Structure formats: C-alpha cells, structure tokens
Amino acid sequence: MSDLNVTVIAGGLSPEREVSLRSGSRVADALRRAGVEVELRDVGKDLLPALAQDSPGVVFPVLHGIAGEDGTIKEVLELAGVPYVGARPHACRTAFDKTTAKAILDQSGLKTPESVTLPKQAFHDLGAAALTARVVERLGAELFVKPRACGSAFGVSRVESAGDLPQALMACFAYHDEALIERRVTGTEIAVGVADLGDGPRALPVVEIDAGTGLYDYTARYTPGAVEFHCPARLPAEVAKEAARVAVAAHQALGLLDLSRTDAIVTEAGEVFVLETNVAPGMTETSTYPMALEEAGLDFGVFCRDLAALAAHRHGLSV
Amino acid sequence: MQSDEPSRRGADPWLGHYAERAAGMVASEVRALFAVASRPEIVSLAGGMPNVSALPMDAVAGLMADLVTERGPVALQYGSAQGDPSLRETICTVMAEEGIDAHPDDVVVTVGSQQALDLVARVFLDPGDTVVTEGPTYVTALGTFAAYQARAVHVDMDERGVLPEALAETFARLERAGRPAKLFYTVPTFQNPAGVTLAAERRLRVLEVCRRAKVLVLEDNPYGLLHLEGEPMRALRADAPADVVYLGSFSKTLAPGLRVGWALAPSAVRDKLVLAAESAMLSHSAFAQLAVDRYLRTQPWQEQLKAFREMYRERRDAMLDSLEQHMPAGVSWTRPGGGFFVWVTLPEGLDSKAMLPRAVQSRVAYVPGTGFYADGAGRRAMRLSYCYPPPERIRDGVRTLADVIGTELELWETFGATAHPHSGGPQTPGPDHS
C-alpha cells in the first residue's frame with residue numbers, strides 16, 4: 001500500500017448517474033490494484049461531513065453531467081479544502097458549456113462546426129416556424145441539436161431534414177433550456193484523450209468510433225459491441241498527429257488540468273472539427289479513455305494513482 | 001461481425017454469438033434516468049414496489065429463526081420442482097378468497113409469478129406465435145413474450161376493462177390472417193399499468209369469447225387481494241378451471257424479496273409446467289417456501305392484508321386528490337379500486353417519454369406509457385404508482401409533475417404546429433418498476 005488515500009466520488013443526480021457509478025467503480029478498482037486505499041462515495045447530504053471528518057486524502061471526482069462536470073463539485077471541494085484530480089471550477093464551467101467552449105476554441109484557431117445557440121424562450125417569443133426557418137437557411141437542414149450543457153449524448157438528435165428540427169428541439173429542451181444547433185460535419189468520429197502527469201499535456205492514441213449508419217447515442221455508447229472502436233484510429237499518420245495537436249490545444253485553451261477527452265470529427269480532407277472537450281471522461285468498460293491509455297502502454301490504476309499524487313502535490317501534501 | 005483488424009478495441013468478442021432474441025437487450029436512456037429515480041431526493045411515482053416496511057418484522061424474523069432451528073435440514077435442502085406440498089395447500093386457501101376451488105396438486109410454486117409467466121411462455125410459445133394482451137399491459141410480460149420471439153397484439157380497454165367484442169374481433173382477425181392467438185394474457189383485476197378492473201358482468205363474456213376461439217386464458221392476478229373498496233373480485237379461474245392458467249404471487253401481499261409465486265393450471269398443463277420448472281431451476285428455494293407457509297399458518301395474514309389495504313387506500317386517495325387539484329386541463333386519469341397504479345393520459349401532442357428527463361431533473365419520476373405496449377403506442381400516457389411513497393411525498397410529486405406537464409404544454413404550444421410525432425419505439429423500464 002502507498003501512503004496515498006483517495007476518495008472516488010461517483011453517482012450524483014444527473015441523468016448520467018448510472019454511467020458515473022460504472023466509471024467510479026472502475027477507477028476505484030484500478031486504484032486499489034495500484035496499491036491505493038480507496039473510499040467510494042456518492043453525492044448526498046453525508047458527503048461534506050465525510051470529507052470534513054475522514055481525512056479523505058485526494059478526491060477523484062468521476063461525476064458526469066450537470067453538477068459533476070459544470071464546476072459545482074469542484075467549487076464544493078475547494079470549499080472543503082481538499083485536494084482533487086482534474087480542472088479547477090472555472091475551467092470546468094467553461095468546458096461544460098458547449099457554447100462558451102466553442103467560442104474559446106474558435107479564438108484559439110481550432111475549428112468547430114458552425115452553430116447557433118438559442119433558448120427555448122426565443123422560439124416561444126419569436127415563433128418557432130420563423131426561427132427554425134432562419135436556422136435552416138443559415139446552417140442547412142443536416143444538423144445536430146444538443147443541449148447547451150449535458151453529456152453522454154442525452155437530448156442529442158441528428159436532424160436529416162427541416163421537418164425533424166422542431167421535434168429535435170423539444171427533445172433537447174427536456175434536458176436544458178438552451179439548444180446548441182450545429183451544422184453537421186461528416187467524417188470520421190474520433191475521441192482523443194489528453195493526459196498530463198506533471199510534464200505537460202500530451203495526447204493519447206486517437207480512438208476512432210465507428211457507429212455504422214447509426215448515431216453514437218446513449219444506447220450505442222453503453223451497449224458493448226453496438227459500435228466499433230479502433231485504437232489507434234485508422235487515420236493517416238499526419239491526420240492523427242493533427243488530431244492529437246488539436247486535443248492538446250483544446251485542453252490548454254480551456255485551462256484544463258490532469259485529463260480531458262476531446263471529441264471531434266475528421267473530414268475527408270483531413271480537417272479536425274472539435275465537437276466538445278470533457279473534463280471528466282467516461283471510464284466505463286466501453287469508454288474510449290481507458291482504451292487509449294491501454295494503447296499508450298499505461299496501466300489504468302497506476303495512471304489514476306499518479307494523477308492523485310499530482311493533485312496532492314499541488315495541494316502541498318507529500319505522499 | 002467480428003473483425004481481425006489489430007486496432008479494434010473494446011468491442012464485445014461474442015457479438016456474433018448472441019441469439020436473435022437478445023437483440024433488444026441494450027442500454028437505454030430511460031433505464032439511465034431510472035437509476036437517478038432510485039435516489040431518495042427524487043419522488044418516484046415509477047416503481048411498483050410494495051411497502052414491505054409495514055410488515056411485522058419482529059414476527060417475520062422470529063418465524064424465520066424458528067424455521068432454521070426446527071426444520072433446518074429440510075429448509076436448507078433441495079425441494080421438489082412442483083413446490084412444497086404444505087405451501088401448495090396454503091396457497092389454495094388464499095385463492096379461495098377469490099372464489100377459486102383448487103386442489104394443491106394443480107399448483108406449481110415458482111420464483112415469483114414472473115417465473116410462472118416464463119414457464120407458461122416456454123411450454124406454449126414458438127417463435128412467431130401470437131399472444132393477445134390488454135393494451136396497455138404489464139411491461140415484463142411483454143419482455144417475456146419477446147424473449148420467446150412471440151408477437152403481442154393489444155386489445156383496447158375502457159374503464160371497465162377489456163372490451164369483449166374487441167377481443168372477439170381481434171381473435172377472428174388473427175384467425176383469418178393465419179396467425180391465430182394461442183394465449184390471452186390478462187391482468188383482469190386492478191390492472192398493471194392501467195389500474196382498471198374487468199367488470200363482473202364482462203368476465204363470463206370474456207371467458208366465453210376465449211373458449212369459442214380456443215384461446216387459453218393466462219390470468220395474472222398479483223393485486224386481487226389489495227382491493228381498496230368492497231369485497232375481492234371473483235377470479236376468472238373460479239368460473240373456468242379448464243380454460244385458465246392462473247398466476248398468483250406473494251410479492252404484493254407479503255414480500256417480493258421472498259420471490260414466491262405460483263401457477264394454478266389444468267392438470268395436463270400443470271405436468272408440463274412442472275417439467276419446465278425442473279429444467280429451469282431444478283427446485284425453488286425450500287427456505288423461502290417454508291417461510292411463506294409458516295407466515296400464513298402462524299400469523300394473522302388477513303389482518304395484515306387489511307392493514308396493507310388501509311395504507312394503500314390512503315396513498316391512492318392522496319394521489320387522486322392531488323391529481324384533481326393540480327393537473328392542467330386536458331389531462332385525464334383512471335381511478336383504481338385497488339392495486340398500485342393510476343394511468344394518466346396527457347393532452348394531444350405531448351410525449352411522456354420525451355418529457356421524462358425534465359421530470360427527473362425536477363425530482364419526480366414516472367414510467368412512460370410506451371413501455372407498456374409492444375407496438376410503440378402509449379406516447380401520451382404514463383403510469384403513476386402510489387404504493388411506495390408516503391402520502392405527503394405523493395402530493396409533492398404530483399404537484400411537481402403537474403408543473404412539468406405545464407412546461408411541456410407551453411413547449412408544445414411553441415412547436416406543436418410544426419413538430420411531428422416521435423418515431424421512437426418502446427423501451428423497457430427496469431425490473432424495479434414492474
């Protein structure tokens with residue numbers, strides 16, 4: 001056993017609770033195998049007292065979705081004065097808000113699909129038919145509609161024609177009051193993990209996601225075998241290198257720490273369009289981040305342990 | 001298909017090996033939302049879990065301890081596939097409450113009535129066979145029929161249960177199409193999910209329709225003794241012993257954790273069910289069977305049922321009162337005389353499945369209606385259960401749900417003219433919502 005002890009926080013009340021529980025349990029197991037003493041906790045009224053009393057060591061939040069990735073849990077951990085793995089609250093908030101993140105990535109010279117963000121109130125006040133018509137006029141009818149802030153593809157719809165748009169917006173507004181409507185970029189879907197073990201962020205091998213003709217939606221993400229993953233991605237070396245560069249640039253532009261995962265589309269011309277950057281990548285059996293770690297020759301448990309040790313050092317603890 | 005490409009990762013290596021019937025066994029958004037609904041912060045009007053904490057736990061603990069002390073070598077040993085003879089006798093006295101005159105030899109004890117349903121499907125259904133059910137119907141029955149690759153065809157109900165004429169027409173239509181129905185699966189009393197009961201005057205007519213069409217009736221009756229008004233309904237089986245396989249359960253009247261249910265079947269069918277049970281599980285838990293038997297023989301179970309009924313009556317009334325008080329115009333619901341469930345129908349255009357994320361984020365959960373149909377119907381409907389949360393939580397939950405529906409109505413007013421209906425098919429809720 002090392003001197004390090006870690007509290008993994010997983011669960012929470014977002015729609016991604018189940019995913020988070022699975023990720024958290026895998027991270028906890030991997031840490032234990034790497035010789036770390038681990039406590040696994042859910043978010044609830046007993047969390048703060050536990051963090052205050054049990055000398056929790058380093059907290060490794062594996063919470064997805066609202067209150068997990070939007071900076072809330074990080075603010076809480078700052079208040080509790082405990083060291084934690086991952087980005088600071090403000091950076092989480094920026095990265096989780098797809099619209100703000102896109103603006104920052106654009107300013108950094110990274111490509112993201114052209115988009116508009118509209119609140120549901122705008123459709124009510126200005127008339128849905130008129131407003132959706134303008135959207136289609138600007139972006140075309142092949143679109144993705146996403147909640148401005150949510151994960152695991154919840155509330156995401158692929159729009160094939162203008163007629164699909166109102167229903168897609170309604171599905172999106174069940175998760176969030178603002179919709180990000182993106183022009184659909186076609187190409188190869190990839191996920192690029194970024195890891196920073198204290199020597200600067202570097203990209204992990206690129207994972208290619210082949211969902212066939214279907215959507216990489218919740219079912220596809222969490223049903224083993226529903227999609228095919230390729231790691232390393234079947235991309236020309238220079239394109240893979242560009243994807244790696246983009247992921248690291250996104251990690252830096254958003255001011256992230258320790259780990260992130262950038263989801264992107266590579267067009268036939270080899271252009272990389274960033275879809276989003278996640279501060280708490282999924283760590284389930286079907287998640288891409290652990291796959292990339294394995295391809296990079298990194299042991300999952302040792303990697304998590306090193307991140308926790310790094311967080312302890314940041315906090316001035318010696319382990 | 002499997003690929004030999006070296007970069008292929010994280011896939012299921014057995015993907016090409018699964019049976020066709022496993023095709024629908026996938027992760028779903030609705031299941032993920034239910035994972036949140038199980039948290040105490042959420043008022044769950046979704047689950048069909050009985051309130052077992054109302055049981056006399058000390059008495060139950062005492063009888064289980066006595067059971068191990070006095071009959072340990074039997075309770076901890078294999079039993080017979082048909083079930084413990086003493087329990088089968090006791091089950092007959094329970095069924096007598098609903099007018100059934102049965103012999104213990106015709107009872108097969110199963111792991112909850114769900115296993116009885118599975119065994120009946122196993123011995124009767126070939127791939128492509130047709131089962132007629134009420135619409136909507138019990139979600140896990142649909143799962144069972146799908147697992148045997150049978151097709152479910154629904155018949156409409158009104159507030160007095162299934163319509164006998166519609167049932168006859170459906171049988172005739174299927175016959176003409178060369179796909180005659182093999183089974184009529186029905187929850188005639190306090191139906192799950194609709195909360196309606198097949199009216200007494202329709203019962204003989206329904207049996208007659210099935211007899212003429214030579215369709216075996218599968219009567220699933222877990223809620224019959226949880227009548228909140230008057231006397232228990234007479235079971236269909238009471239009037240047609242040769243034409244009905246009756247499924248009973250102690251999950252709602254005692255405790256689902258014991259997993260004790262049963263089938264009462266005509267003797268030839270019973271023989272097949274016993275053999276099927278043997279291959280499915282060798283024998284049921286002897287401990288659970290003897291515990292139930294001892295409970296029924298030593299505890300005032302009828303008094304306990306009365307206490308359950310009083311508790312559920314208060315909860316049902318809390319739900320019906322709050323629905324009346326808070327629901328926006330255009331929402332309608334059933335008024336169950338027993339059981340656990342109220343079936344709510346939303347105004348035209350609303351989609352209960354699409355609305356579920358908003359509800360869960362507002363801290364209330366229900367089961368969307370589409371899960372209770374095999375054909376994607378039920379988009380406007382939802383099942384609410386009043387069995388588990390205490391009355392004040394039910395009131396809070398219904399008030400929140402009314403607000404969620406109000407918001408959804410505003411959204412529909414915004415997009416309604418241009419939005420076309422959802423094309424998403426049914427998704428199966430988790431087992432704790434059965």
# chains A, B, ... in the order shown; residues from 1 in each chain; ligands from 1
>>> residues_around(residues="stretch 42-56 of chain B", least_positions_apart="5", cutoff="9 Å", atoms="only C-alpha atoms", output="JSON, numbers by chain")
{"A": [13], "B": [34, 36, 37, 61, 251, 252, 253, 254, 255, 256, 304, 307, 308, 311, 312, 340, 341, 360, 361, 362, 363, 364, 365, 366, 367, 368, 383, 384, 385, 386, 387, 388, 389, 393, 394, 396, 397, 398, 431, 432, 433, 434]}
>>> residues_around(residues="stretch 70-81 of chain B", least_positions_apart="6", cutoff="6 Å", atoms="only C-alpha atoms", output="ChimeraX atom specification")
/B:277-278,282-283,286-287
>>> atom_distance(atom1="atom CA of A:His313", atom2="atom CA of A:Glu78")
15.4 Å
>>> interface_residues(of="chain A", to="chain B", cutoff="7 Å", atoms="only C-alpha atoms", output="PyMOL selection string")
chain A and resi 13+15-18+123-124+127-129+166-167+171+174-175+218-219+222-225+228-232+286+291
>>> select_by_dssp(residues="stretch 10-156 of chain A", states="strand (DSSP E)", output="PyMOL selection string")
chain A and resi 37-41+58-61+115-119+143-147
>>> write_last_selection(atoms="all heavy atoms", output="short mmCIF file (atom, residue, chain, number, x, y, z; two decimals), in the first residue's frame")
data_model
loop_
_atom_site.label_atom_id
_atom_site.label_comp_id
_atom_site.auth_asym_id
_atom_site.auth_seq_id
_atom_site.Cartn_x
_atom_site.Cartn_y
_atom_site.Cartn_z
N GLU A 37 -5.35 3.07 -1.09
CA GLU A 37 -6.54 2.86 -0.26
C GLU A 37 -7.65 3.75 -0.81
O GLU A 37 -7.45 4.95 -0.98
CB GLU A 37 -6.23 3.24 1.18
CG GLU A 37 -7.17 2.60 2.18
CD GLU A 37 -6.68 2.84 3.59
OE1 GLU A 37 -5.51 2.48 3.87
OE2 GLU A 37 -7.44 3.42 4.35
N VAL A 38 -8.80 3.16 -1.09
CA VAL A 38 -9.86 3.91 -1.79
C VAL A 38 -11.18 3.84 -1.04
O VAL A 38 -11.58 2.79 -0.54
CB VAL A 38 -10.09 3.35 -3.21
CG1 VAL A 38 -11.16 4.15 -3.94
CG2 VAL A 38 -8.81 3.36 -4.01
N GLU A 39 -11.83 4.97 -0.99
CA GLU A 39 -13.21 5.05 -0.48
C GLU A 39 -14.06 5.51 -1.66
O GLU A 39 -13.69 6.45 -2.35
CB GLU A 39 -13.26 6.08 0.64
CG GLU A 39 -14.62 6.29 1.26
CD GLU A 39 -14.73 5.57 2.60
OE1 GLU A 39 -13.68 5.28 3.21
OE2 GLU A 39 -15.85 5.30 3.00
N LEU A 40 -15.18 4.83 -1.89
CA LEU A 40 -16.07 5.23 -2.98
C LEU A 40 -17.30 5.89 -2.38
O LEU A 40 -17.97 5.30 -1.53
CB LEU A 40 -16.45 3.98 -3.79
CG LEU A 40 -17.25 4.15 -5.08
CD1 LEU A 40 -16.55 5.04 -6.09
CD2 LEU A 40 -17.52 2.78 -5.72
N ARG A 41 -17.61 7.12 -2.80
CA ARG A 41 -18.75 7.84 -2.20
C ARG A 41 -19.68 8.41 -3.26
O ARG A 41 -19.24 8.80 -4.34
CB ARG A 41 -18.25 9.01 -1.34
CG ARG A 41 -17.59 8.57 -0.07
CD ARG A 41 -17.51 9.71 0.93
NE ARG A 41 -17.16 9.18 2.23
CZ ARG A 41 -18.02 8.69 3.10
NH1 ARG A 41 -19.32 8.68 2.83
NH2 ARG A 41 -17.61 8.21 4.25
N VAL A 58 -6.92 12.48 -1.29
CA VAL A 58 -7.21 13.18 -2.54
C VAL A 58 -8.58 12.72 -3.04
O VAL A 58 -8.90 11.54 -2.99
CB VAL A 58 -6.14 12.85 -3.60
CG1 VAL A 58 -6.49 13.47 -4.94
CG2 VAL A 58 -4.78 13.33 -3.13
N VAL A 59 -9.37 13.68 -3.51
CA VAL A 59 -10.67 13.32 -4.08
C VAL A 59 -10.51 13.17 -5.59
O VAL A 59 -9.91 14.02 -6.26
CB VAL A 59 -11.73 14.38 -3.74
CG1 VAL A 59 -13.02 14.10 -4.51
CG2 VAL A 59 -12.00 14.39 -2.25
N PHE A 60 -11.04 12.07 -6.10
CA PHE A 60 -11.03 11.82 -7.55
C PHE A 60 -12.49 11.84 -7.99
O PHE A 60 -13.19 10.85 -7.87
CB PHE A 60 -10.39 10.45 -7.83
CG PHE A 60 -9.92 10.26 -9.24
CD1 PHE A 60 -8.66 9.72 -9.50
CD2 PHE A 60 -10.71 10.62 -10.33
CE1 PHE A 60 -8.20 9.53 -10.80
CE2 PHE A 60 -10.27 10.43 -11.63
CZ PHE A 60 -9.00 9.89 -11.87
N PRO A 61 -12.97 13.00 -8.49
CA PRO A 61 -14.38 13.05 -8.88
C PRO A 61 -14.58 12.36 -10.23
O PRO A 61 -13.88 12.68 -11.18
CB PRO A 61 -14.69 14.55 -8.99
CG PRO A 61 -13.42 15.27 -8.68
CD PRO A 61 -12.30 14.28 -8.72
N SER A 115 -22.49 27.01 -35.77
CA SER A 115 -23.64 26.73 -34.90
C SER A 115 -24.36 28.00 -34.47
O SER A 115 -23.84 29.10 -34.64
CB SER A 115 -23.17 26.00 -33.65
OG SER A 115 -22.40 26.88 -32.86
N VAL A 116 -25.52 27.80 -33.93
CA VAL A 116 -26.22 28.87 -33.20
C VAL A 116 -26.71 28.28 -31.88
O VAL A 116 -26.98 27.08 -31.79
CB VAL A 116 -27.43 29.45 -33.97
CG1 VAL A 116 -26.98 30.17 -35.22
CG2 VAL A 116 -28.44 28.37 -34.29
N THR A 117 -26.82 29.14 -30.87
CA THR A 117 -27.37 28.70 -29.59
C THR A 117 -28.61 29.53 -29.32
O THR A 117 -28.56 30.77 -29.38
CB THR A 117 -26.36 28.93 -28.46
OG1 THR A 117 -25.20 28.15 -28.75
CG2 THR A 117 -26.92 28.50 -27.11
N LEU A 118 -29.71 28.85 -29.07
CA LEU A 118 -30.97 29.58 -28.86
C LEU A 118 -31.72 29.01 -27.65
O LEU A 118 -31.84 27.79 -27.50
CB LEU A 118 -31.84 29.44 -30.11
CG LEU A 118 -31.34 30.21 -31.35
CD1 LEU A 118 -32.06 29.72 -32.60
CD2 LEU A 118 -31.53 31.72 -31.17
N PRO A 119 -32.24 29.90 -26.80
CA PRO A 119 -33.04 29.42 -25.68
C PRO A 119 -34.46 29.09 -26.12
O PRO A 119 -34.93 29.61 -27.14
CB PRO A 119 -33.04 30.62 -24.73
CG PRO A 119 -32.85 31.80 -25.59
CD PRO A 119 -32.08 31.36 -26.80
N LEU A 143 -28.30 18.69 -39.46
CA LEU A 143 -27.86 19.36 -38.23
C LEU A 143 -27.71 18.37 -37.09
O LEU A 143 -28.22 17.25 -37.14
CB LEU A 143 -28.93 20.39 -37.81
CG LEU A 143 -29.28 21.48 -38.81
CD1 LEU A 143 -30.60 22.12 -38.43
CD2 LEU A 143 -28.17 22.53 -38.85
N PHE A 144 -27.06 18.83 -36.04
CA PHE A 144 -27.17 18.17 -34.74
C PHE A 144 -27.77 19.18 -33.77
O PHE A 144 -27.37 20.35 -33.77
CB PHE A 144 -25.79 17.72 -34.23
CG PHE A 144 -25.45 16.34 -34.65
CD1 PHE A 144 -24.50 16.11 -35.64
CD2 PHE A 144 -26.08 15.25 -34.07
CE1 PHE A 144 -24.19 14.82 -36.04
CE2 PHE A 144 -25.78 13.96 -34.46
CZ PHE A 144 -24.83 13.74 -35.46
N VAL A 145 -28.71 18.72 -32.97
CA VAL A 145 -29.28 19.57 -31.92
C VAL A 145 -28.85 18.97 -30.59
O VAL A 145 -29.02 17.76 -30.37
CB VAL A 145 -30.82 19.64 -32.01
CG1 VAL A 145 -31.40 20.45 -30.87
CG2 VAL A 145 -31.23 20.23 -33.34
N LYS A 146 -28.25 19.81 -29.74
CA LYS A 146 -27.73 19.32 -28.46
C LYS A 146 -28.12 20.26 -27.34
O LYS A 146 -28.16 21.48 -27.56
CB LYS A 146 -26.18 19.29 -28.51
CG LYS A 146 -25.58 18.56 -29.66
CD LYS A 146 -24.08 18.77 -29.71
CE LYS A 146 -23.47 17.94 -30.84
NZ LYS A 146 -22.01 18.14 -30.94
N PRO A 147 -28.34 19.73 -26.15
CA PRO A 147 -28.49 20.63 -25.01
C PRO A 147 -27.19 21.42 -24.83
O PRO A 147 -26.11 20.86 -25.04
CB PRO A 147 -28.70 19.69 -23.82
CG PRO A 147 -29.07 18.37 -24.40
CD PRO A 147 -28.43 18.31 -25.75
#
>>> residues_around(residues="stretch 84-94 of chain A", least_positions_apart="6", cutoff="10 Å", atoms="only C-alpha atoms", output="PyMOL selection string")
chain A and resi 6-8+57-62+66-78+100-104+149+196+251+253-260+277-280+304+306-312+314-315
>>> residues_around(residues="B:Phe145", least_positions_apart="4", cutoff="12 Å", atoms="only C-alpha atoms", output="ChimeraX atom specification")
/B:21,114,117-133,137-141,149-153,182-185,374
>>> residues_around(residues="B:Val344", least_positions_apart="2", cutoff="12 Å", atoms="only C-alpha atoms", output="PyMOL selection string")
chain B and resi 45+136+193-196+319-320+323-324+327+330-336+341-342+346-347+352+366-369+378-385+398+401-402+405
>>> write_last_selection(atoms="N, CA and C atoms", output="mmCIF file, in the first residue's frame")
data_model
loop_
_atom_site.group_PDB
_atom_site.id
_atom_site.type_symbol
_atom_site.label_atom_id
_atom_site.label_comp_id
_atom_site.auth_asym_id
_atom_site.auth_seq_id
_atom_site.Cartn_x
_atom_site.Cartn_y
_atom_site.Cartn_z
ATOM 1 N N LEU B 45 -42.710 8.042 -8.531
ATOM 2 C CA LEU B 45 -44.054 7.511 -8.757
ATOM 3 C C LEU B 45 -43.946 6.442 -9.847
ATOM 4 N N PRO B 136 -52.925 -0.890 -22.514
ATOM 5 C CA PRO B 136 -51.560 -1.331 -22.231
ATOM 6 C C PRO B 136 -51.547 -2.612 -21.391
ATOM 7 N N PRO B 193 -50.615 -1.758 -16.195
ATOM 8 C CA PRO B 193 -50.441 -0.457 -15.550
ATOM 9 C C PRO B 193 -51.691 0.407 -15.436
ATOM 10 N N ALA B 194 -52.817 -0.006 -16.022
ATOM 11 C CA ALA B 194 -53.911 0.955 -16.213
ATOM 12 C C ALA B 194 -54.746 1.173 -14.951
ATOM 13 N N GLY B 195 -54.654 0.286 -13.973
ATOM 14 C CA GLY B 195 -55.425 0.462 -12.746
ATOM 15 C C GLY B 195 -56.904 0.161 -12.905
ATOM 16 N N VAL B 196 -57.320 -0.377 -14.061
ATOM 17 C CA VAL B 196 -58.738 -0.679 -14.251
ATOM 18 C C VAL B 196 -59.010 -2.158 -13.951
ATOM 19 N N MET B 319 -53.107 10.461 -4.032
ATOM 20 C CA MET B 319 -52.758 10.656 -5.453
ATOM 21 C C MET B 319 -53.948 11.203 -6.232
ATOM 22 N N LEU B 320 -55.121 10.601 -6.054
ATOM 23 C CA LEU B 320 -56.285 11.048 -6.830
ATOM 24 C C LEU B 320 -56.661 12.485 -6.460
ATOM 25 N N LEU B 323 -54.064 14.826 -8.034
ATOM 26 C CA LEU B 323 -54.239 14.924 -9.488
ATOM 27 C C LEU B 323 -55.373 15.902 -9.797
ATOM 28 N N GLU B 324 -56.466 15.719 -9.039
ATOM 29 C CA GLU B 324 -57.639 16.587 -9.221
ATOM 30 C C GLU B 324 -57.261 18.046 -8.999
ATOM 31 N N MET B 327 -53.546 18.990 -11.739
ATOM 32 C CA MET B 327 -53.269 18.707 -13.153
ATOM 33 C C MET B 327 -53.893 19.749 -14.077
ATOM 34 N N GLY B 330 -57.117 18.999 -19.653
ATOM 35 C CA GLY B 330 -56.750 18.108 -20.755
ATOM 36 C C GLY B 330 -56.036 16.853 -20.308
ATOM 37 N N VAL B 331 -55.661 16.798 -19.033
ATOM 38 C CA VAL B 331 -55.028 15.583 -18.508
ATOM 39 C C VAL B 331 -56.134 14.724 -17.888
ATOM 40 N N SER B 332 -56.143 13.428 -18.188
ATOM 41 C CA SER B 332 -57.153 12.554 -17.575
ATOM 42 C C SER B 332 -56.457 11.355 -16.940
ATOM 43 N N TRP B 333 -57.169 10.659 -16.053
ATOM 44 C CA TRP B 333 -56.553 9.524 -15.360
ATOM 45 C C TRP B 333 -57.613 8.537 -14.907
ATOM 46 N N THR B 334 -57.155 7.314 -14.628
ATOM 47 C CA THR B 334 -58.071 6.277 -14.163
ATOM 48 C C THR B 334 -58.191 6.351 -12.635
ATOM 49 N N ARG B 335 -59.232 5.721 -12.110
ATOM 50 C CA ARG B 335 -59.468 5.737 -10.652
ATOM 51 C C ARG B 335 -59.532 4.301 -10.157
ATOM 52 N N PRO B 336 -58.375 3.750 -9.770
ATOM 53 C CA PRO B 336 -58.320 2.328 -9.429
ATOM 54 C C PRO B 336 -59.075 1.990 -8.141
ATOM 55 N N PHE B 341 -51.700 1.228 -9.167
ATOM 56 C CA PHE B 341 -51.388 2.123 -10.287
ATOM 57 C C PHE B 341 -52.542 3.000 -10.776
ATOM 58 N N VAL B 342 -52.140 4.194 -11.232
ATOM 59 C CA VAL B 342 -53.046 5.120 -11.921
ATOM 60 C C VAL B 342 -52.445 5.368 -13.306
ATOM 61 N N LEU B 346 -52.068 12.254 -21.215
ATOM 62 C CA LEU B 346 -51.706 13.660 -21.383
ATOM 63 C C LEU B 346 -52.462 14.266 -22.570
ATOM 64 N N PRO B 347 -52.510 15.580 -22.632
ATOM 65 C CA PRO B 347 -53.169 16.218 -23.775
ATOM 66 C C PRO B 347 -52.486 15.861 -25.096
ATOM 67 N N SER B 352 -44.747 11.474 -23.239
ATOM 68 C CA SER B 352 -44.310 11.259 -21.854
ATOM 69 C C SER B 352 -42.862 10.791 -21.773
ATOM 70 N N TYR B 366 -41.804 8.880 -13.267
ATOM 71 C CA TYR B 366 -42.961 8.049 -13.621
ATOM 72 C C TYR B 366 -42.485 7.085 -14.698
ATOM 73 N N VAL B 367 -43.344 6.168 -15.115
ATOM 74 C CA VAL B 367 -42.958 5.287 -16.218
ATOM 75 C C VAL B 367 -43.712 5.724 -17.480
ATOM 76 N N PRO B 368 -42.976 6.056 -18.550
ATOM 77 C CA PRO B 368 -43.641 6.454 -19.798
ATOM 78 C C PRO B 368 -44.501 5.327 -20.361
ATOM 79 N N GLY B 369 -45.614 5.699 -21.001
ATOM 80 C CA GLY B 369 -46.594 4.715 -21.459
ATOM 81 C C GLY B 369 -46.109 3.761 -22.533
ATOM 82 N N GLY B 378 -48.958 4.494 -26.750
ATOM 83 C CA GLY B 378 -48.832 4.922 -25.361
ATOM 84 C C GLY B 378 -47.979 6.161 -25.172
ATOM 85 N N ARG B 379 -47.684 6.846 -26.270
ATOM 86 C CA ARG B 379 -46.811 8.014 -26.207
ATOM 87 C C ARG B 379 -47.361 9.090 -25.263
ATOM 88 N N ARG B 380 -48.684 9.243 -25.260
ATOM 89 C CA ARG B 380 -49.298 10.305 -24.442
ATOM 90 C C ARG B 380 -49.553 9.854 -23.007
ATOM 91 N N ALA B 381 -49.227 8.603 -22.700
ATOM 92 C CA ALA B 381 -49.645 8.076 -21.394
ATOM 93 C C ALA B 381 -48.471 7.875 -20.450
ATOM 94 N N MET B 382 -48.772 7.744 -19.179
ATOM 95 C CA MET B 382 -47.743 7.404 -18.188
ATOM 96 C C MET B 382 -48.397 6.624 -17.051
ATOM 97 N N ARG B 383 -47.581 5.800 -16.399
ATOM 98 C CA ARG B 383 -48.077 5.072 -15.233
ATOM 99 C C ARG B 383 -47.523 5.733 -13.976
ATOM 100 N N LEU B 384 -48.445 6.014 -13.057
ATOM 101 C CA LEU B 384 -48.037 6.520 -11.746
ATOM 102 C C LEU B 384 -48.358 5.446 -10.718
ATOM 103 N N SER B 385 -47.465 5.251 -9.770
ATOM 104 C CA SER B 385 -47.773 4.295 -8.712
ATOM 105 C C SER B 385 -47.818 5.017 -7.374
ATOM 106 N N VAL B 398 -46.917 14.766 -7.270
ATOM 107 C CA VAL B 398 -47.954 15.072 -8.258
ATOM 108 C C VAL B 398 -47.947 16.576 -8.577
ATOM 109 N N LEU B 401 -45.075 17.154 -10.840
ATOM 110 C CA LEU B 401 -45.367 16.587 -12.155
ATOM 111 C C LEU B 401 -46.321 17.501 -12.933
ATOM 112 N N ALA B 402 -47.295 18.070 -12.228
ATOM 113 C CA ALA B 402 -48.238 18.976 -12.892
ATOM 114 C C ALA B 402 -47.483 20.179 -13.469
ATOM 115 N N ILE B 405 -45.671 19.054 -16.599
ATOM 116 C CA ILE B 405 -46.611 18.921 -17.722
ATOM 117 C C ILE B 405 -46.983 20.315 -18.246
#
>>> residues_around(residues="B:Val94", least_positions_apart="3", cutoff="10 Å", atoms="only C-alpha atoms", output="PyMOL selection string")
chain B and resi 88-91+97-100+225+248+296+301-302
>>> atom_distance(atom1="atom CA of B:Leu198", atom2="atom CA of B:Ala240")
15.6 Å
>>> atom_distance(atom1="atom CA of A:Gly81", atom2="atom CA of A:Val248")
28.7 Å
>>> select_by_dssp(residues="stretch 125-362 of chain B", states="alpha helix (DSSP H)", output="ChimeraX atom specification")
/B:139-147,164-176,200-213,267-281,286-298,301-326,352-361
